[in-house]
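S.K.: Sharing my_file.cif, mmCIF, C-alpha atoms:
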```
data_protein
#
loop_
_atom_site.group_PDB
_atom_site.id
_atom_site.type_symbol
_atom_site.label_atom_id
_atom_site.label_comp_id
_atom_site.auth_asym_id
_atom_site.auth_seq_id
_atom_site.Cartn_x
_atom_site.Cartn_y
_atom_site.Cartn_z
ATOM 1 C CA MET A 1 0.000 0.000 0.000
ATOM 2 C CA GLY A 2 2.946 2.252 0.567
ATOM 3 C CA SER A 3 4.008 2.008 -3.031
ATOM 4 C CA TRP A 4 0.531 2.991 -4.269
ATOM 5 C CA GLY A 5 0.565 6.000 -1.970
ATOM 6 C CA THR A 6 3.734 7.253 -3.662
ATOM 7 C CA LEU A 7 3.156 5.986 -7.146
ATOM 8 C CA GLY A 8 -0.550 6.926 -7.383
ATOM 9 C CA PRO A 9 -0.160 10.728 -7.284
ATOM 10 C CA ALA A 10 2.755 10.568 -9.717
ATOM 11 C CA LEU A 11 0.734 8.466 -12.185
ATOM 12 C CA LEU A 12 -2.299 10.728 -11.811
ATOM 13 C CA SER A 13 -0.121 13.790 -12.418
ATOM 14 C CA LEU A 14 1.369 12.151 -15.488
ATOM 15 C CA ALA A 15 -2.111 11.245 -16.765
ATOM 16 C CA GLY A 16 -3.225 14.850 -16.234
ATOM 17 C CA VAL A 17 -0.278 16.149 -18.221
ATOM 18 C CA ALA A 18 -0.986 13.640 -21.016
ATOM 19 C CA LEU A 19 -4.681 14.586 -21.104
ATOM 20 C CA GLY A 20 -3.815 18.287 -21.093
ATOM 21 C CA ALA A 21 -1.341 17.883 -23.953
ATOM 22 C CA GLY A 22 -3.811 15.755 -25.906
ATOM 23 C CA GLY A 23 -6.582 18.315 -25.374
ATOM 24 C CA SER A 24 -4.283 21.113 -26.435
ATOM 25 C CA LEU A 25 -3.246 19.281 -29.608
ATOM 26 C CA PHE A 26 -6.874 18.458 -30.430
ATOM 27 C CA GLY A 27 -7.843 22.106 -29.899
ATOM 28 C CA GLN A 28 -5.065 23.241 -32.226
ATOM 29 C CA TYR A 29 -6.250 20.744 -34.826
ATOM 30 C CA LEU A 30 -9.812 22.094 -34.643
ATOM 31 C CA VAL A 31 -8.618 25.703 -34.904
ATOM 32 C CA SER A 32 -6.446 24.788 -37.884
ATOM 33 C CA ARG A 33 -9.369 23.066 -39.629
ATOM 34 C CA ALA A 34 -11.643 26.036 -38.998
ATOM 35 C CA GLY A 35 -8.986 28.422 -40.316
ATOM 36 C CA THR A 36 -8.493 26.338 -43.451
ATOM 37 C CA ARG A 37 -12.238 26.205 -44.063
ATOM 38 C CA GLN A 38 -12.544 29.958 -43.560
ATOM 39 C CA LEU A 39 -9.706 30.547 -46.035
ATOM 40 C CA GLU A 40 -11.436 28.304 -48.587
ATOM 41 C CA VAL A 41 -14.686 30.243 -48.157
ATOM 42 C CA GLN A 42 -12.877 33.560 -48.593
ATOM 43 C CA GLU A 43 -11.045 32.340 -51.706
ATOM 44 C CA SER A 44 -14.293 31.035 -53.167
ATOM 45 C CA ALA A 45 -16.038 34.355 -52.529
ATOM 46 C CA ALA A 46 -13.151 36.274 -54.115
ATOM 47 C CA HIS A 47 -13.244 33.990 -57.170
ATOM 48 C CA ARG A 48 -17.002 34.432 -57.463
ATOM 49 C CA ALA A 49 -16.691 38.224 -57.291
ATOM 50 C CA GLU A 50 -13.915 38.298 -59.900
ATOM 51 C CA LEU A 51 -15.759 35.952 -62.223
ATOM 52 C CA LYS A 52 -19.059 37.759 -61.742
ATOM 53 C CA SER A 53 -17.424 41.018 -62.772
ATOM 54 C CA ALA A 54 -15.922 39.408 -65.889
ATOM 55 C CA VAL A 55 -19.227 37.716 -66.793
ATOM 56 C CA LEU A 56 -21.223 40.926 -66.399
ATOM 57 C CA LYS A 57 -18.733 42.843 -68.528
ATOM 58 C CA PHE A 58 -18.880 40.127 -71.201
ATOM 59 C CA LEU A 59 -22.690 40.084 -71.148
ATOM 60 C CA GLY A 60 -22.885 43.868 -71.419
ATOM 61 C CA ILE A 61 -20.713 43.885 -74.510
ATOM 62 C CA ALA A 62 -22.466 40.785 -75.908
ATOM 63 C CA SER A 63 -25.798 42.582 -75.613
ATOM 64 C CA GLN A 64 -24.458 45.592 -77.498
ATOM 65 C CA VAL A 65 -22.993 43.383 -80.240
ATOM 66 C CA GLU A 66 -26.257 41.484 -80.585
ATOM 67 C CA LYS A 67 -28.353 44.653 -80.808
ATOM 68 C CA ALA A 68 -26.032 46.258 -83.358
ATOM 69 C CA ALA A 69 -25.770 43.074 -85.434
ATOM 70 C CA LEU A 70 -29.527 42.485 -85.483
ATOM 71 C CA ALA A 71 -30.207 46.146 -86.297
ATOM 72 C CA ARG A 72 -27.755 45.896 -89.171
ATOM 73 C CA LEU A 73 -29.427 42.667 -90.323
ATOM 74 C CA SER A 74 -32.935 44.153 -90.227
ATOM 75 C CA SER A 75 -31.837 47.281 -92.105
ATOM 76 C CA GLY A 76 -30.161 45.185 -94.803
ATOM 77 C CA ASP A 77 -27.010 47.305 -94.564
ATOM 78 C CA ALA A 78 -23.979 45.148 -95.313
ATOM 79 C CA ALA A 79 -21.459 47.995 -95.155
ATOM 80 C CA ALA A 80 -18.598 47.779 -92.670
ATOM 81 C CA ASP A 81 -19.447 49.347 -89.344
ATOM 82 C CA PRO A 82 -16.407 50.529 -87.359
ATOM 83 C CA VAL A 83 -18.465 50.800 -84.144
ATOM 84 C CA LEU A 84 -19.622 47.187 -84.452
ATOM 85 C CA ASP A 85 -16.080 46.084 -85.305
ATOM 86 C CA GLN A 86 -14.813 47.780 -82.125
ATOM 87 C CA LEU A 87 -17.572 46.113 -80.091
ATOM 88 C CA VAL A 88 -16.522 42.717 -81.448
ATOM 89 C CA ASP A 89 -12.915 43.456 -80.477
ATOM 90 C CA ASP A 90 -14.100 44.429 -76.983
ATOM 91 C CA LEU A 91 -16.160 41.233 -76.854
ATOM 92 C CA TRP A 92 -13.088 39.095 -77.525
ATOM 93 C CA LEU A 93 -11.161 40.921 -74.805
ATOM 94 C CA ALA A 94 -14.004 40.317 -72.350
ATOM 95 C CA GLN A 95 -14.029 36.650 -73.394
ATOM 96 C CA ALA A 96 -10.292 36.505 -72.640
ATOM 97 C CA GLU A 97 -10.982 37.883 -69.142
ATOM 98 C CA ILE A 98 -13.419 35.046 -68.550
ATOM 99 C CA ASP A 99 -10.865 32.602 -69.917
ATOM 100 C CA LEU A 100 -8.376 33.814 -67.311
ATOM 101 C CA ALA A 101 -10.832 33.976 -64.399
ATOM 102 C CA ALA A 102 -12.733 30.724 -64.993
ATOM 103 C CA ARG A 103 -11.916 27.617 -62.997
ATOM 104 C CA SER A 104 -13.644 25.244 -65.373
ATOM 105 C CA GLU A 105 -13.090 24.321 -68.979
ATOM 106 C CA PRO A 106 -16.855 24.208 -69.733
ATOM 107 C CA LEU A 107 -17.127 27.932 -68.948
ATOM 108 C CA ARG A 108 -14.130 28.775 -71.106
ATOM 109 C CA GLY A 109 -15.580 26.797 -73.999
ATOM 110 C CA ALA A 110 -19.096 28.204 -73.600
ATOM 111 C CA ALA A 111 -17.784 31.787 -73.512
ATOM 112 C CA TYR A 112 -15.736 31.152 -76.648
ATOM 113 C CA ARG A 113 -18.655 29.560 -78.519
ATOM 114 C CA TYR A 114 -21.011 32.384 -77.566
ATOM 115 C CA ALA A 115 -18.470 35.039 -78.598
ATOM 116 C CA ALA A 116 -17.814 33.229 -81.883
ATOM 117 C CA ARG A 117 -21.544 33.072 -82.630
ATOM 118 C CA LEU A 118 -21.897 36.782 -81.842
ATOM 119 C CA ALA A 119 -18.957 37.569 -84.129
ATOM 120 C CA GLU A 120 -20.692 35.597 -86.890
ATOM 121 C CA ALA A 121 -23.843 37.654 -86.308
ATOM 122 C CA ALA A 122 -21.794 40.852 -86.498
ATOM 123 C CA ARG A 123 -20.372 39.725 -89.855
ATOM 124 C CA GLY A 124 -23.906 39.051 -91.119
ATOM 125 C CA GLU A 125 -23.467 35.268 -91.257
ATOM 126 C CA ILE A 126 -26.512 34.566 -89.057
ATOM 127 C CA ALA A 127 -30.029 35.093 -90.383
ATOM 128 C CA ASP A 128 -31.795 35.763 -87.061
ATOM 129 C CA GLY A 129 -31.157 36.155 -83.348
ATOM 130 C CA SER A 130 -32.597 32.777 -82.373
ATOM 131 C CA ALA A 131 -29.303 31.137 -83.378
ATOM 132 C CA LEU A 132 -27.692 32.967 -80.456
ATOM 133 C CA ARG A 133 -29.991 31.551 -77.757
ATOM 134 C CA GLY A 134 -28.410 28.088 -77.515
ATOM 135 C CA PRO A 135 -24.850 29.343 -76.964
ATOM 136 C CA GLN A 136 -26.180 32.020 -74.604
ATOM 137 C CA VAL A 137 -27.993 29.472 -72.402
ATOM 138 C CA GLN A 138 -24.941 27.197 -72.381
ATOM 139 C CA PHE A 139 -22.836 30.175 -71.307
ATOM 140 C CA PHE A 140 -25.209 31.056 -68.468
ATOM 141 C CA ASP A 141 -25.313 27.452 -67.247
ATOM 142 C CA ALA A 142 -21.514 27.127 -67.352
ATOM 143 C CA ALA A 143 -21.031 30.459 -65.559
ATOM 144 C CA TYR A 144 -23.431 29.399 -62.812
ATOM 145 C CA ASP A 145 -21.706 26.038 -62.428
ATOM 146 C CA ASP A 146 -18.306 27.706 -62.178
ATOM 147 C CA MET A 147 -19.438 30.241 -59.571
ATOM 148 C CA TRP A 148 -21.507 27.803 -57.495
ATOM 149 C CA PRO A 149 -20.166 24.301 -58.145
ATOM 150 C CA GLY A 150 -22.410 21.460 -57.119
ATOM 151 C CA GLN A 151 -25.552 23.574 -56.899
ATOM 152 C CA ARG A 152 -28.380 23.275 -59.375
ATOM 153 C CA ARG A 153 -29.597 26.374 -61.114
ATOM 154 C CA ALA A 154 -33.302 26.981 -60.555
ATOM 155 C CA ALA A 155 -35.233 26.703 -63.797
ATOM 156 C CA GLY A 156 -37.378 29.792 -64.199
ATOM 157 C CA ILE A 157 -40.647 29.791 -66.041
ATOM 158 C CA PRO A 158 -40.869 32.698 -68.505
#
```
Spell out the structure here as structure tokens.

M.R.:
Amino acid sequence: MGSWGTLGPALLSLAGVALGAGGSLFGQYLVSRAGTRQLEVQESAAHRAELKSAVLKFLGIASQVEKAALARLSSGDAAADPVLDQLVDDLWLAQAEIDLAARSEPLRGAAYRYAARLAEAARGEIADGSALRGPQVQFFDAAYDDMWPGQRRAAGIP
């Protein structure tokens, strides 16, 4: 019994130190995981903001190109239009911004296909605007998937 009286407190002290160290290490692990998760959320939000800006710029220019191309088509004027040519150049630069900001290849490809179709419309190679709707929808879907991966886009009813 004498040995337990001396050994017991020493073993209990050692167990306390071991539990304290284990608790401290586990706490550090949890803090590290939370910090990593917070960093991932911040990086994702920054990517979304950058991509959203590039997408909105691209869509603004795409809208102008479409309006100018369809107005030119309806008027029957086949003459070169320097304003439309500049818009198409701006469209390709905006497409390049998306190419740099996108995380996914589907978005890069959809932006390229939509820009190419708009350039064809600007050159008068497309008979009506309905040919632009397919590439436009694919672009929107790809942009949504890149900004919010794993989430389904709600289908709106027009």

S.K.: Under the PyMOL selection byres ((chain A and resi 70) around 9), which residues of this model are included? Write them out as JSON, numbers by chain.

M.R.: {"A": [65, 66, 67, 68, 69, 71, 72, 73, 74, 75, 121, 122, 124, 127, 128, 129]}

S.K.: Restricting the calculation to only C-alpha atoms, which member of A:Leu7, A:Ala154, A:Ala34, A:Ala62 is positioned closest to Asp89 in chain A?

M.R.: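 Checking each of A:Leu7, A:Ala154, A:Ala34, A:Ala62 against Asp89 in chain A, counting only C-alpha atoms, the winner is A:Ala62.
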
S.K.: Which residues come within 7 Å of range 45-48 of chain A, counting only C-alpha atoms, excluding same-chain residues fewer than 4 positions away, as a list in words?

M.R.: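 Close residues of range 45-48 of chain A: Val41, Lys52 and Met147 of chain A.
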
S.K.: Rank A:Arg123, A:Arg108, A:Arg33, A:Arg113 by their smallest atom-to-atom distance to Asp85 in chain A, using only C-alpha atoms, and report the top residue only.

M.R.: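 Between A:Arg123, A:Arg108, A:Arg33, A:Arg113, the residue approaching Asp85 in chain A most closely is A:Arg123.
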
S.K.: Can you tell me how far CA of Asp90 in chain A sits from CA of Phe58 in chain A, in Å to one decimal?

M.R.: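 Computing the Euclidean distance for CA of Asp90 in chain A and CA of Phe58 in chain A yields 8.6 Å.
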
S.K.: CA of Gln136 in chain A and CA of Gln42 in chain A are how many Å apart?

M.R.: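 Interatomic distance here is 29.3 Å.
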
S.K.: Let me make sure I understand: among A:Ala142, A:Leu39, A:Leu25, A:Val88, which one has the smallest atom-to-atom distance to Ala102 in chain A if we use all atoms listed in the file?

M.R.: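 When distances to Ala102 in chain A are compared using all atoms listed in the file, the smallest one comes from A:Ala142.
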
S.K.: Taking all atoms listed in the file into account, name the residue in A:Thr6, A:Ala80, A:Phe140, A:Tyr114 that is nearest to Leu56 in chain A.

M.R.: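 Distance minimum relative to Leu56 in chain A lands on A:Phe140.
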
S.K.: Using Å and a single decimal, report how far CA of Glu50 in chain A sits from CA of Leu93 in chain A.

M.R.: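 We find that CA of Leu93 in chain A and CA of Glu50 in chain A lie 15.4 Å from each other.
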
S.K.: If the PyMOL selection byres ((chain A and resi 149) around 12) were run on this exact file, what residues would it hold? Put them as a count of residues only.

M.R.: 19

S.K.: For Gly60 in chain A, which residue out of A:Ser24, A:Ser13, A:Gln95, A:Ser3 is the nearest one, using only C-alpha atoms?

M.R.: A:Gln95

S.K.: For Pro106 in chain A, which residue among A:Gly5, A:Gly27, A:Pro135, A:Ala21 is the nearest when counting all atoms listed in the file?

M.R.: A:Pro135
